[in-house]
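S.K.: I am attaching a structure below and will ask some questions about it afterwards.
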Amino acid sequence: EKGGHDYFMLKEIAEQPQAIADTLLGRLSDRGEIVLDEVRLTDQDLRDVDKIFIVACGTSYHAGMVAKYAIEHWVRIPCEVELASEFRYRDPILDRSTLVVAISQSGESMDTLMALRHAKEQKARVLAICNTNGSTIPRESDAVLYTHGGPEIAVASTKAFLTQLVACYLIGLHLAQIRGVMYADEVAAVVEKLQRTPDSLRTLLGQMEDVRELARDLKTASTVLFIGRHVGYPVALEGALKLKELAYMHAEGFAAGELKHGPIALIDEGTPVVCVVPSPAGRGVMRDKVVSNIQEVRARGARTIVIAEEGDEDVRAYADHLIPVPATPTLLAPLMTTVPLQILACEIAAARGHDVDQPRNLAKSVTVE
Ligand code: F6R
């Protein structure tokens with residue numbers, strides 16, 4: 001049942017290329033428009049949207065953080081991301097021109113469901129991104145885009161996360177198109193890049209032996225820090241969350257630019273710091289900033305584990321351990337950079353003797369507050 005893998009989590013990590021391909025399948029109509037699954041909203045409703053709130057918990061929240069970068073870049077309307085458990089207890093400013101996007105693998109997270117109801121009471125439109133057909137959150141939403149990841153059994157979310165990213169990209173492209181900010185051919189060009197990611201990911205998955213070795217090395221670390229910028233920042237948070245929940249180790253993700261405002265004080269001789277480096281393509285400004293952050297932590301004794309685009313040879317000089325990932329457009333990069341972090345957490349947990357699929361104190365679907 002685990003398809004030759006030791007854990008469901010490893011099986012689900014391996015299924016990610018297919019899960020992405022399935023989520024993309026049939027999304028582009030003959031007219032070059034993105035197709036959602038259930039839409040009880042008119043194009044006009046979506047054109048009237050002047051603000052987006054994304055609400056979610058845990059890993060799904062990290063997908064929402066990535067979505068904000070893509071949606072604001074493509075759609076040019078303000079997009080906030082908020083933890084569902086916070087959103088539901090405050091007084092957010094919403095009306096019928098607000099679109100609330102609820103992201104949930106299970107479709108049953110109580111906090112996300114309550115956030116959605118809170119939004120609906122104030123007449124906001126609600127769109128769900130969900131992996132579970134017919135679950136409560138999509139049932140109560142005005143529109144749904146299902147991630148076709150297939151059932152996720154391991155408690156830690158992996159393929160659901162990558163497919164949530166794909167769903168977020170599709171929604172961003174859809175909104176940009178119907179609002180006239182992107183033309184059909186521009187949308188098709190991004191979709192084509194998305195369609196190439198399963199192959200790139202298969203290649204990447206075939207090169208993870210080094211990461212397994214690294215995991216054996218890191219299993220006794222007392223803390224592991226993760227840094228990133230832009231879409232690499234939520235990836236850093238996701239890498240830290242995976243390590244906490246599976247390996248029961250202290251781990252923390254930071255926006256690399258925030259290091260000097262406090263967290264850099266944590267760096268000690270040998271502290272492992274996982275650095276998510278943006279692509280050097282384009283202006284490469286962000287990439288250079290992260291590289292200088294890597295130099296800063298290294299100067300203070302950090303052991304740097306660097307995830308960078310293949311061919312970015314210059315980072316080698318600052319990497320105690322380099323994990324190359326296939327080149328991908330900046331906004332789509334989390335589809336690659338997240339994967340070594342999933343494997344790292346899984347292998348460290350296994351090396352520490354933990355039940356990877358069933359971490360202590362956690363449930364797959366959190367239906368209580
Ligand atoms: C982490 C993890 C959790 C879930 C969170 C939301 O690996 O699995 O953080 O992402 O509980 O669950 P859903 O997406 O089902 O609402």
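Identifiers for the structure tokens are assigned positionally: chains receive A, B, ... in sequence, residues are indexed from 1 per chain, and ligands are indexed from 1 in the order shown.
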Write out as a Markdown table a residue-level contact list of chain A versus ligand 1 with cut-off 7 Å: for each qualifying residue the closest pair of atoms and the distance in Å to one decimal, counting only C-alpha atoms and all ligand atoms, rows sorted by chain and residue number upward.

M.R.:
```
| residue | atom | partner | partner_atom_place_in_ligand_line | distance |
| --- | --- | --- | --- | --- |
| A:Ala56 | CA | ligand 1 | 16 (O) | 6.4 |
| A:Cys57 | CA | ligand 1 | 6 (C) | 4.6 |
| A:Gly58 | CA | ligand 1 | 9 (O) | 3.3 |
| A:Thr59 | CA | ligand 1 | 10 (O) | 3.7 |
| A:Ser60 | CA | ligand 1 | 10 (O) | 4.7 |
| A:Ile103 | CA | ligand 1 | 14 (O) | 6.3 |
| A:Ser104 | CA | ligand 1 | 14 (O) | 3.4 |
| A:Gln105 | CA | ligand 1 | 14 (O) | 3.6 |
| A:Ser106 | CA | ligand 1 | 15 (O) | 3.6 |
| A:Gly107 | CA | ligand 1 | 15 (O) | 5.7 |
| A:Glu108 | CA | ligand 1 | 15 (O) | 6.2 |
| A:Ser109 | CA | ligand 1 | 16 (O) | 4.5 |
| A:Thr112 | CA | ligand 1 | 16 (O) | 6.5 |
| A:Val155 | CA | ligand 1 | 8 (O) | 5.6 |
| A:Ala156 | CA | ligand 1 | 7 (O) | 3.4 |
| A:Ser157 | CA | ligand 1 | 7 (O) | 3.9 |
| A:Thr158 | CA | ligand 1 | 7 (O) | 6.9 |
| A:Leu241 | CA | ligand 1 | 1 (C) | 6.9 |
| A:Lys242 | CA | ligand 1 | 7 (O) | 6.0 |
| A:Lys364 | CA | ligand 1 | 8 (O) | 6.4 |
| A:Ser365 | CA | ligand 1 | 15 (O) | 5.5 |
| A:Val366 | CA | ligand 1 | 11 (O) | 5.9 |
```

S.K.: Please identify the strand (DSSP E or B) residues within segment 102-227 of chain A (assignment by DSSP from backbone atoms) and present them as a PDB file with all heavy atoms, in the first residue's frame.

M.R.:
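File produced: out.pdb:
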```pdb
ATOM      1  N   ALA A 102     -10.335  30.330   0.901  1.00  0.00           N
ATOM      2  CA  ALA A 102     -10.051  29.414   2.009  1.00  0.00           C
ATOM      3  C   ALA A 102      -9.280  28.225   1.437  1.00  0.00           C
ATOM      4  O   ALA A 102      -9.745  27.578   0.501  1.00  0.00           O
ATOM      5  CB  ALA A 102     -11.349  28.944   2.643  1.00  0.00           C
ATOM      6  N   ILE A 103      -8.096  27.965   1.986  1.00  0.00           N
ATOM      7  CA  ILE A 103      -7.293  26.831   1.491  1.00  0.00           C
ATOM      8  C   ILE A 103      -7.295  25.740   2.553  1.00  0.00           C
ATOM      9  O   ILE A 103      -6.904  25.988   3.703  1.00  0.00           O
ATOM     10  CB  ILE A 103      -5.839  27.255   1.197  1.00  0.00           C
ATOM     11  CG1 ILE A 103      -5.785  28.493   0.295  1.00  0.00           C
ATOM     12  CG2 ILE A 103      -5.067  26.097   0.565  1.00  0.00           C
ATOM     13  CD1 ILE A 103      -4.367  28.979  -0.008  1.00  0.00           C
ATOM     14  N   SER A 104      -7.735  24.557   2.173  1.00  0.00           N
ATOM     15  CA  SER A 104      -7.740  23.447   3.140  1.00  0.00           C
ATOM     16  C   SER A 104      -7.645  22.110   2.413  1.00  0.00           C
ATOM     17  O   SER A 104      -8.471  21.813   1.556  1.00  0.00           O
ATOM     18  CB  SER A 104      -9.018  23.499   3.979  1.00  0.00           C
ATOM     19  OG  SER A 104      -9.082  22.377   4.831  1.00  0.00           O
ATOM     20  N   ARG A 125     -17.452  37.135  -0.879  1.00  0.00           N
ATOM     21  CA  ARG A 125     -17.548  35.940  -1.723  1.00  0.00           C
ATOM     22  C   ARG A 125     -16.468  34.978  -1.246  1.00  0.00           C
ATOM     23  O   ARG A 125     -15.361  35.425  -0.917  1.00  0.00           O
ATOM     24  CB  ARG A 125     -17.261  36.281  -3.183  1.00  0.00           C
ATOM     25  CG  ARG A 125     -17.873  37.565  -3.646  1.00  0.00           C
ATOM     26  CD  ARG A 125     -19.352  37.405  -3.859  1.00  0.00           C
ATOM     27  NE  ARG A 125     -19.918  38.640  -4.382  1.00  0.00           N
ATOM     28  CZ  ARG A 125     -21.120  38.689  -4.905  1.00  0.00           C
ATOM     29  NH1 ARG A 125     -21.886  37.610  -4.973  1.00  0.00           N
ATOM     30  NH2 ARG A 125     -21.585  39.829  -5.360  1.00  0.00           N
ATOM     31  N   VAL A 126     -16.785  33.709  -1.289  1.00  0.00           N
ATOM     32  CA  VAL A 126     -15.818  32.742  -0.767  1.00  0.00           C
ATOM     33  C   VAL A 126     -15.450  31.697  -1.813  1.00  0.00           C
ATOM     34  O   VAL A 126     -16.327  31.075  -2.415  1.00  0.00           O
ATOM     35  CB  VAL A 126     -16.367  32.029   0.483  1.00  0.00           C
ATOM     36  CG1 VAL A 126     -15.322  31.066   1.027  1.00  0.00           C
ATOM     37  CG2 VAL A 126     -16.745  33.032   1.537  1.00  0.00           C
ATOM     38  N   LEU A 127     -14.168  31.533  -2.018  1.00  0.00           N
ATOM     39  CA  LEU A 127     -13.664  30.538  -2.966  1.00  0.00           C
ATOM     40  C   LEU A 127     -12.803  29.546  -2.172  1.00  0.00           C
ATOM     41  O   LEU A 127     -11.953  29.961  -1.385  1.00  0.00           O
ATOM     42  CB  LEU A 127     -12.830  31.267  -4.021  1.00  0.00           C
ATOM     43  CG  LEU A 127     -12.363  30.512  -5.260  1.00  0.00           C
ATOM     44  CD1 LEU A 127     -12.050  31.518  -6.357  1.00  0.00           C
ATOM     45  CD2 LEU A 127     -11.146  29.663  -5.014  1.00  0.00           C
ATOM     46  N   ALA A 128     -13.047  28.258  -2.382  1.00  0.00           N
ATOM     47  CA  ALA A 128     -12.276  27.245  -1.643  1.00  0.00           C
ATOM     48  C   ALA A 128     -11.277  26.556  -2.550  1.00  0.00           C
ATOM     49  O   ALA A 128     -11.575  26.261  -3.712  1.00  0.00           O
ATOM     50  CB  ALA A 128     -13.217  26.205  -1.052  1.00  0.00           C
ATOM     51  N   ILE A 129     -10.093  26.286  -1.988  1.00  0.00           N
ATOM     52  CA  ILE A 129      -9.121  25.404  -2.633  1.00  0.00           C
ATOM     53  C   ILE A 129      -9.040  24.187  -1.726  1.00  0.00           C
ATOM     54  O   ILE A 129      -8.695  24.308  -0.547  1.00  0.00           O
ATOM     55  CB  ILE A 129      -7.745  26.081  -2.743  1.00  0.00           C
ATOM     56  CG1 ILE A 129      -7.827  27.256  -3.713  1.00  0.00           C
ATOM     57  CG2 ILE A 129      -6.680  25.078  -3.192  1.00  0.00           C
ATOM     58  CD1 ILE A 129      -6.541  28.063  -3.827  1.00  0.00           C
ATOM     59  N   CYS A 130      -9.416  23.037  -2.240  1.00  0.00           N
ATOM     60  CA  CYS A 130      -9.588  21.899  -1.351  1.00  0.00           C
ATOM     61  C   CYS A 130      -9.214  20.603  -2.054  1.00  0.00           C
ATOM     62  O   CYS A 130      -9.346  20.486  -3.269  1.00  0.00           O
ATOM     63  CB  CYS A 130     -11.047  21.864  -0.906  1.00  0.00           C
ATOM     64  SG  CYS A 130     -11.363  20.595   0.316  1.00  0.00           S
ATOM     65  N   ALA A 143     -17.407  29.201  -4.780  1.00  0.00           N
ATOM     66  CA  ALA A 143     -16.672  28.629  -5.911  1.00  0.00           C
ATOM     67  C   ALA A 143     -15.605  27.698  -5.340  1.00  0.00           C
ATOM     68  O   ALA A 143     -15.165  27.884  -4.204  1.00  0.00           O
ATOM     69  CB  ALA A 143     -16.016  29.731  -6.742  1.00  0.00           C
ATOM     70  N   VAL A 144     -15.224  26.707  -6.134  1.00  0.00           N
ATOM     71  CA  VAL A 144     -14.249  25.717  -5.647  1.00  0.00           C
ATOM     72  C   VAL A 144     -13.238  25.386  -6.739  1.00  0.00           C
ATOM     73  O   VAL A 144     -13.609  25.249  -7.906  1.00  0.00           O
ATOM     74  CB  VAL A 144     -14.936  24.378  -5.255  1.00  0.00           C
ATOM     75  CG1 VAL A 144     -13.926  23.461  -4.553  1.00  0.00           C
ATOM     76  CG2 VAL A 144     -16.151  24.597  -4.384  1.00  0.00           C
ATOM     77  N   LEU A 145     -12.010  25.260  -6.345  1.00  0.00           N
ATOM     78  CA  LEU A 145     -11.019  24.661  -7.228  1.00  0.00           C
ATOM     79  C   LEU A 145     -10.440  23.480  -6.449  1.00  0.00           C
ATOM     80  O   LEU A 145      -9.836  23.664  -5.395  1.00  0.00           O
ATOM     81  CB  LEU A 145      -9.943  25.680  -7.602  1.00  0.00           C
ATOM     82  CG  LEU A 145      -9.128  25.319  -8.857  1.00  0.00           C
ATOM     83  CD1 LEU A 145      -8.520  26.568  -9.450  1.00  0.00           C
ATOM     84  CD2 LEU A 145      -8.044  24.333  -8.551  1.00  0.00           C
ATOM     85  N   TYR A 146     -10.694  22.285  -6.949  1.00  0.00           N
ATOM     86  CA  TYR A 146     -10.169  21.101  -6.275  1.00  0.00           C
ATOM     87  C   TYR A 146      -8.735  20.843  -6.709  1.00  0.00           C
ATOM     88  O   TYR A 146      -8.412  20.927  -7.893  1.00  0.00           O
ATOM     89  CB  TYR A 146     -11.022  19.866  -6.588  1.00  0.00           C
ATOM     90  CG  TYR A 146     -12.302  19.828  -5.788  1.00  0.00           C
ATOM     91  CD1 TYR A 146     -13.534  20.068  -6.381  1.00  0.00           C
ATOM     92  CD2 TYR A 146     -12.264  19.568  -4.418  1.00  0.00           C
ATOM     93  CE1 TYR A 146     -14.707  20.048  -5.640  1.00  0.00           C
ATOM     94  CE2 TYR A 146     -13.437  19.547  -3.666  1.00  0.00           C
ATOM     95  CZ  TYR A 146     -14.655  19.781  -4.282  1.00  0.00           C
ATOM     96  OH  TYR A 146     -15.796  19.766  -3.541  1.00  0.00           O
ATOM     97  N   THR A 223      19.016  22.766  17.015  1.00  0.00           N
ATOM     98  CA  THR A 223      18.080  23.662  16.343  1.00  0.00           C
ATOM     99  C   THR A 223      18.475  23.725  14.866  1.00  0.00           C
ATOM    100  O   THR A 223      19.648  23.538  14.530  1.00  0.00           O
ATOM    101  CB  THR A 223      18.130  25.083  16.973  1.00  0.00           C
ATOM    102  OG1 THR A 223      17.151  25.900  16.333  1.00  0.00           O
ATOM    103  CG2 THR A 223      19.477  25.756  16.792  1.00  0.00           C
ATOM    104  N   VAL A 224      17.517  23.956  14.013  1.00  0.00           N
ATOM    105  CA  VAL A 224      17.815  24.190  12.593  1.00  0.00           C
ATOM    106  C   VAL A 224      17.061  25.450  12.175  1.00  0.00           C
ATOM    107  O   VAL A 224      15.855  25.567  12.423  1.00  0.00           O
ATOM    108  CB  VAL A 224      17.403  22.998  11.696  1.00  0.00           C
ATOM    109  CG1 VAL A 224      17.759  23.278  10.237  1.00  0.00           C
ATOM    110  CG2 VAL A 224      18.073  21.702  12.154  1.00  0.00           C
ATOM    111  N   LEU A 225      17.774  26.391  11.593  1.00  0.00           N
ATOM    112  CA  LEU A 225      17.133  27.630  11.148  1.00  0.00           C
ATOM    113  C   LEU A 225      16.967  27.598   9.636  1.00  0.00           C
ATOM    114  O   LEU A 225      17.750  26.972   8.925  1.00  0.00           O
ATOM    115  CB  LEU A 225      17.972  28.832  11.578  1.00  0.00           C
ATOM    116  CG  LEU A 225      18.292  28.886  13.077  1.00  0.00           C
ATOM    117  CD1 LEU A 225      19.117  30.130  13.408  1.00  0.00           C
ATOM    118  CD2 LEU A 225      17.024  28.880  13.925  1.00  0.00           C
ATOM    119  N   PHE A 226      15.921  28.281   9.159  1.00  0.00           N
ATOM    120  CA  PHE A 226      15.619  28.321   7.722  1.00  0.00           C
ATOM    121  C   PHE A 226      15.434  29.778   7.337  1.00  0.00           C
ATOM    122  O   PHE A 226      14.696  30.510   8.013  1.00  0.00           O
ATOM    123  CB  PHE A 226      14.306  27.578   7.429  1.00  0.00           C
ATOM    124  CG  PHE A 226      14.358  26.090   7.678  1.00  0.00           C
ATOM    125  CD1 PHE A 226      14.347  25.589   8.974  1.00  0.00           C
ATOM    126  CD2 PHE A 226      14.396  25.195   6.623  1.00  0.00           C
ATOM    127  CE1 PHE A 226      14.388  24.210   9.207  1.00  0.00           C
ATOM    128  CE2 PHE A 226      14.438  23.826   6.845  1.00  0.00           C
ATOM    129  CZ  PHE A 226      14.429  23.333   8.143  1.00  0.00           C
ATOM    130  N   ILE A 227      16.085  30.205   6.261  1.00  0.00           N
ATOM    131  CA  ILE A 227      15.879  31.580   5.808  1.00  0.00           C
ATOM    132  C   ILE A 227      15.527  31.622   4.319  1.00  0.00           C
ATOM    133  O   ILE A 227      15.951  30.771   3.546  1.00  0.00           O
ATOM    134  CB  ILE A 227      17.107  32.490   6.094  1.00  0.00           C
ATOM    135  CG1 ILE A 227      18.358  31.982   5.362  1.00  0.00           C
ATOM    136  CG2 ILE A 227      17.362  32.625   7.584  1.00  0.00           C
ATOM    137  CD1 ILE A 227      19.531  32.972   5.399  1.00  0.00           C
TER     138      ILE A 227
END
```

S.K.: List the spatial neighbours of Ala160 of chain A as a list in words - criterion: any atom at most 10 Å away, only C-alpha atoms, same-chain residues fewer than 6 positions off excluded.

M.R.: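 My reading of the contact set: Glu12, Ile13, Gln16, Ala19, Ile20, Thr59, Ser60, Ala63, Ser104, Gln105, Ser106, Cys130, Asn131, Thr147, His148, Gly149, Gly150, Pro151, Glu152 and Val166 of chain A.
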
S.K.: From the set A:Ala251, A:Met9, A:Cys168, A:Leu46, which residue has the shortest atom-to-atom contact distance to Ile71 of chain A, counting only C-alpha atoms?

M.R.: A:Cys168

S.K.: Quick check for you: according to DSSP on this backbone, which residues of segment 70-307 of chain A are classed as helix (DSSP H, G or I)? Reply as number ranges by chain.

M.R.: A: 70-75, 84-87, 110-121, 136-139, 159-178, 184-205, 209-218, 232-247, 256-261, 263-266, 285-299

S.K.: Residues within 12 Å of segment 260-271 of chain A, please, as a ChimeraX atom specification. Count only C-alpha atoms; anything in the same chain fewer than 2 positions from it doesn't count.

M.R.: /A:217-218,220-227,250-258,273-274,292-305,320

S.K.: Write the selection just made, keeping N, CA and C atoms, as a compact mmCIF listing (two decimals), in the first residue's frame?

M.R.:
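To be explicit, this is the file written out as part19.txt:
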```
# COMPACT_ATOMS: atom_id res chain seq x y z
N ASP A 217 23.37 13.38 9.24
CA ASP A 217 24.28 14.33 9.89
C ASP A 217 23.59 15.30 10.82
N LEU A 218 22.40 15.68 10.44
CA LEU A 218 21.71 16.75 11.18
C LEU A 218 20.84 16.23 12.31
N THR A 220 21.25 15.14 15.14
CA THR A 220 21.53 15.49 16.53
C THR A 220 21.59 17.01 16.75
N ALA A 221 21.29 17.78 15.73
CA ALA A 221 21.34 19.24 15.89
C ALA A 221 20.32 19.67 16.94
N SER A 222 20.62 20.73 17.68
CA SER A 222 19.66 21.15 18.69
C SER A 222 18.66 22.15 18.12
N THR A 223 19.02 22.77 17.01
CA THR A 223 18.08 23.66 16.34
C THR A 223 18.47 23.73 14.87
N VAL A 224 17.52 23.96 14.01
CA VAL A 224 17.82 24.19 12.59
C VAL A 224 17.06 25.45 12.18
N LEU A 225 17.77 26.39 11.59
CA LEU A 225 17.13 27.63 11.15
C LEU A 225 16.97 27.60 9.64
N PHE A 226 15.92 28.28 9.16
CA PHE A 226 15.62 28.32 7.72
C PHE A 226 15.43 29.78 7.34
N ILE A 227 16.08 30.21 6.26
CA ILE A 227 15.88 31.58 5.81
C ILE A 227 15.53 31.62 4.32
N HIS A 250 13.71 21.64 17.48
CA HIS A 250 13.46 23.06 17.37
C HIS A 250 13.89 23.55 16.00
N ALA A 251 13.02 24.27 15.34
CA ALA A 251 13.32 24.79 14.01
C ALA A 251 12.54 26.08 13.86
N GLU A 252 13.11 27.01 13.11
CA GLU A 252 12.49 28.32 12.98
C GLU A 252 12.77 28.85 11.57
N GLY A 253 11.75 29.40 10.94
CA GLY A 253 11.95 30.00 9.63
C GLY A 253 11.91 31.51 9.74
N PHE A 254 12.76 32.17 8.99
CA PHE A 254 12.81 33.64 9.02
C PHE A 254 12.85 34.21 7.61
N ALA A 255 12.32 35.43 7.50
CA ALA A 255 12.58 36.20 6.29
C ALA A 255 14.04 36.63 6.41
N ALA A 256 14.83 36.35 5.40
CA ALA A 256 16.28 36.57 5.50
C ALA A 256 16.61 38.01 5.88
N GLY A 257 15.80 38.95 5.41
CA GLY A 257 16.06 40.36 5.71
C GLY A 257 15.84 40.71 7.18
N GLU A 258 15.16 39.84 7.91
CA GLU A 258 14.89 40.10 9.32
C GLU A 258 16.00 39.62 10.23
N VAL A 273 21.91 26.29 9.13
CA VAL A 273 20.99 27.26 8.56
C VAL A 273 20.69 26.85 7.12
N VAL A 274 19.43 26.55 6.87
CA VAL A 274 19.00 26.18 5.52
C VAL A 274 18.61 27.46 4.79
N SER A 292 24.17 37.51 0.35
CA SER A 292 24.88 38.25 1.41
C SER A 292 24.39 37.84 2.79
N ASN A 293 23.11 37.47 2.92
CA ASN A 293 22.64 36.94 4.20
C ASN A 293 23.36 35.63 4.54
N ILE A 294 23.62 34.84 3.53
CA ILE A 294 24.32 33.57 3.78
C ILE A 294 25.74 33.86 4.29
N GLN A 295 26.37 34.85 3.65
CA GLN A 295 27.72 35.21 4.10
C GLN A 295 27.70 35.69 5.55
N GLU A 296 26.65 36.46 5.89
CA GLU A 296 26.55 36.98 7.27
C GLU A 296 26.45 35.86 8.30
N VAL A 297 25.59 34.87 8.01
CA VAL A 297 25.44 33.80 9.01
C VAL A 297 26.69 32.92 9.05
N ARG A 298 27.30 32.77 7.91
CA ARG A 298 28.49 31.93 7.85
C ARG A 298 29.64 32.57 8.62
N ALA A 299 29.73 33.89 8.52
CA ALA A 299 30.78 34.61 9.24
C ALA A 299 30.62 34.42 10.75
N ARG A 300 29.40 34.06 11.17
CA ARG A 300 29.16 33.86 12.60
C ARG A 300 29.16 32.39 13.00
N GLY A 301 29.63 31.56 12.08
CA GLY A 301 29.84 30.15 12.43
C GLY A 301 28.80 29.19 11.91
N ALA A 302 27.75 29.70 11.23
CA ALA A 302 26.68 28.81 10.76
C ALA A 302 27.21 27.78 9.79
N ARG A 303 26.56 26.63 9.81
CA ARG A 303 26.80 25.62 8.78
C ARG A 303 25.69 25.79 7.76
N THR A 304 26.03 26.18 6.55
CA THR A 304 24.99 26.57 5.60
C THR A 304 24.61 25.43 4.65
N ILE A 305 23.32 25.23 4.56
CA ILE A 305 22.75 24.25 3.63
C ILE A 305 21.97 25.08 2.62
N ASP A 320 28.11 25.07 2.74
CA ASP A 320 28.74 23.88 3.28
C ASP A 320 28.12 22.66 2.64
```

S.K.: What does the structure give for the distance between atom CA of Val306 of chain A and atom CA of Val276 of chain A, in Å to one decimal?

M.R.: 6.3 Å

S.K.: Please report the interatomic distance between atom CA of Leu332 of chain A and atom CA of Gly26 of chain A in Å with one decimal.

M.R.: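 Computing it gives 19.4 Å between the two atoms.
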
S.K.: Which residues, written as a list of chain:residue names, have at least one atom at most 10 Å from Ser85 of chain A, with only C-alpha atoms counted and residues fewer than 6 positions away on the same chain left out?

M.R.: A:Val55, A:Ala56, A:Cys57, A:Met110, A:Asp111, A:Thr112, A:Leu113, A:Met114, A:Ala115, A:Glu369

S.K.: Can I get the selected residues back with all heavy atoms, as a PDB file, in the first residue's frame?

M.R.:
```
ATOM      1  N   VAL A  55      -7.349  32.749   3.771  1.00  0.00           N
ATOM      2  CA  VAL A  55      -7.350  32.239   5.145  1.00  0.00           C
ATOM      3  C   VAL A  55      -7.052  30.734   5.122  1.00  0.00           C
ATOM      4  O   VAL A  55      -7.556  30.009   4.264  1.00  0.00           O
ATOM      5  CB  VAL A  55      -8.687  32.514   5.875  1.00  0.00           C
ATOM      6  CG1 VAL A  55      -8.898  33.997   6.097  1.00  0.00           C
ATOM      7  CG2 VAL A  55      -9.873  31.927   5.123  1.00  0.00           C
ATOM      8  N   ALA A  56      -6.232  30.293   6.057  1.00  0.00           N
ATOM      9  CA  ALA A  56      -5.838  28.879   6.101  1.00  0.00           C
ATOM     10  C   ALA A  56      -5.042  28.641   7.381  1.00  0.00           C
ATOM     11  O   ALA A  56      -4.737  29.589   8.122  1.00  0.00           O
ATOM     12  CB  ALA A  56      -4.986  28.534   4.876  1.00  0.00           C
ATOM     13  N   CYS A  57      -4.700  27.377   7.621  1.00  0.00           N
ATOM     14  CA  CYS A  57      -3.886  27.010   8.787  1.00  0.00           C
ATOM     15  C   CYS A  57      -2.667  26.206   8.342  1.00  0.00           C
ATOM     16  O   CYS A  57      -2.712  25.508   7.332  1.00  0.00           O
ATOM     17  CB  CYS A  57      -4.660  26.102   9.746  1.00  0.00           C
ATOM     18  SG  CYS A  57      -6.294  26.662  10.152  1.00  0.00           S
ATOM     19  N   MET A 110     -11.573  23.204  11.421  1.00  0.00           N
ATOM     20  CA  MET A 110     -12.591  24.025  12.080  1.00  0.00           C
ATOM     21  C   MET A 110     -12.274  25.514  11.991  1.00  0.00           C
ATOM     22  O   MET A 110     -13.156  26.332  11.723  1.00  0.00           O
ATOM     23  CB  MET A 110     -12.721  23.581  13.545  1.00  0.00           C
ATOM     24  CG  MET A 110     -13.827  24.266  14.304  1.00  0.00           C
ATOM     25  SD  MET A 110     -15.442  24.078  13.516  1.00  0.00           S
ATOM     26  CE  MET A 110     -15.864  22.425  14.020  1.00  0.00           C
ATOM     27  N   ASP A 111     -11.019  25.858  12.201  1.00  0.00           N
ATOM     28  CA  ASP A 111     -10.663  27.280  12.173  1.00  0.00           C
ATOM     29  C   ASP A 111     -10.924  27.887  10.790  1.00  0.00           C
ATOM     30  O   ASP A 111     -11.432  29.008  10.683  1.00  0.00           O
ATOM     31  CB  ASP A 111      -9.188  27.462  12.545  1.00  0.00           C
ATOM     32  CG  ASP A 111      -8.958  27.300  14.044  1.00  0.00           C
ATOM     33  OD1 ASP A 111      -9.771  27.840  14.830  1.00  0.00           O
ATOM     34  OD2 ASP A 111      -7.979  26.645  14.422  1.00  0.00           O
ATOM     35  N   THR A 112     -10.592  27.148   9.756  1.00  0.00           N
ATOM     36  CA  THR A 112     -10.778  27.669   8.400  1.00  0.00           C
ATOM     37  C   THR A 112     -12.265  27.764   8.072  1.00  0.00           C
ATOM     38  O   THR A 112     -12.732  28.748   7.483  1.00  0.00           O
ATOM     39  CB  THR A 112     -10.032  26.769   7.389  1.00  0.00           C
ATOM     40  OG1 THR A 112      -8.700  26.575   7.874  1.00  0.00           O
ATOM     41  CG2 THR A 112      -9.981  27.384   5.999  1.00  0.00           C
ATOM     42  N   LEU A 113     -13.009  26.762   8.494  1.00  0.00           N
ATOM     43  CA  LEU A 113     -14.457  26.782   8.270  1.00  0.00           C
ATOM     44  C   LEU A 113     -15.100  27.983   8.973  1.00  0.00           C
ATOM     45  O   LEU A 113     -15.946  28.681   8.411  1.00  0.00           O
ATOM     46  CB  LEU A 113     -15.065  25.459   8.779  1.00  0.00           C
ATOM     47  CG  LEU A 113     -16.574  25.331   8.679  1.00  0.00           C
ATOM     48  CD1 LEU A 113     -17.055  25.438   7.237  1.00  0.00           C
ATOM     49  CD2 LEU A 113     -17.038  24.000   9.292  1.00  0.00           C
ATOM     50  N   MET A 114     -14.679  28.228  10.205  1.00  0.00           N
ATOM     51  CA  MET A 114     -15.251  29.347  10.960  1.00  0.00           C
ATOM     52  C   MET A 114     -14.855  30.690  10.330  1.00  0.00           C
ATOM     53  O   MET A 114     -15.656  31.622  10.312  1.00  0.00           O
ATOM     54  CB  MET A 114     -14.793  29.281  12.421  1.00  0.00           C
ATOM     55  CG  MET A 114     -15.433  28.137  13.168  1.00  0.00           C
ATOM     56  SD  MET A 114     -17.239  28.278  13.137  1.00  0.00           S
ATOM     57  CE  MET A 114     -17.700  26.724  13.845  1.00  0.00           C
ATOM     58  N   ALA A 115     -13.638  30.760   9.817  1.00  0.00           N
ATOM     59  CA  ALA A 115     -13.190  31.993   9.151  1.00  0.00           C
ATOM     60  C   ALA A 115     -14.057  32.242   7.917  1.00  0.00           C
ATOM     61  O   ALA A 115     -14.482  33.373   7.641  1.00  0.00           O
ATOM     62  CB  ALA A 115     -11.721  31.874   8.758  1.00  0.00           C
ATOM     63  N   GLU A 369     -11.367  23.482  17.736  1.00  0.00           N
ATOM     64  CA  GLU A 369     -10.688  24.775  17.789  1.00  0.00           C
ATOM     65  C   GLU A 369      -9.303  24.636  18.387  1.00  0.00           C
ATOM     66  O   GLU A 369      -9.125  23.943  19.348  1.00  0.00           O
ATOM     67  CB  GLU A 369     -11.482  25.713  18.675  1.00  0.00           C
ATOM     68  CG  GLU A 369     -12.601  26.342  17.931  1.00  0.00           C
ATOM     69  CD  GLU A 369     -13.138  27.531  18.712  1.00  0.00           C
ATOM     70  OE1 GLU A 369     -12.363  28.453  18.988  1.00  0.00           O
ATOM     71  OE2 GLU A 369     -14.313  27.497  19.034  1.00  0.00           O
TER      72      GLU A 369
END
```

S.K.: List as a PyMOL selection string the protein and nucleic acid residues near segment 343-359 of chain A, meaning an atom at most 7 Å away when only C-alpha atoms are counted, but skip any in the same chain fewer than 6 places from it.

M.R.: chain A and resi 7-9+154-155+211-212+215-216+218-219+242-243+245-247

S.K.: So how far away is atom CA of Val325 of chain A from atom CA of Glu15 of chain A, in Å?

M.R.: 17.6 Å
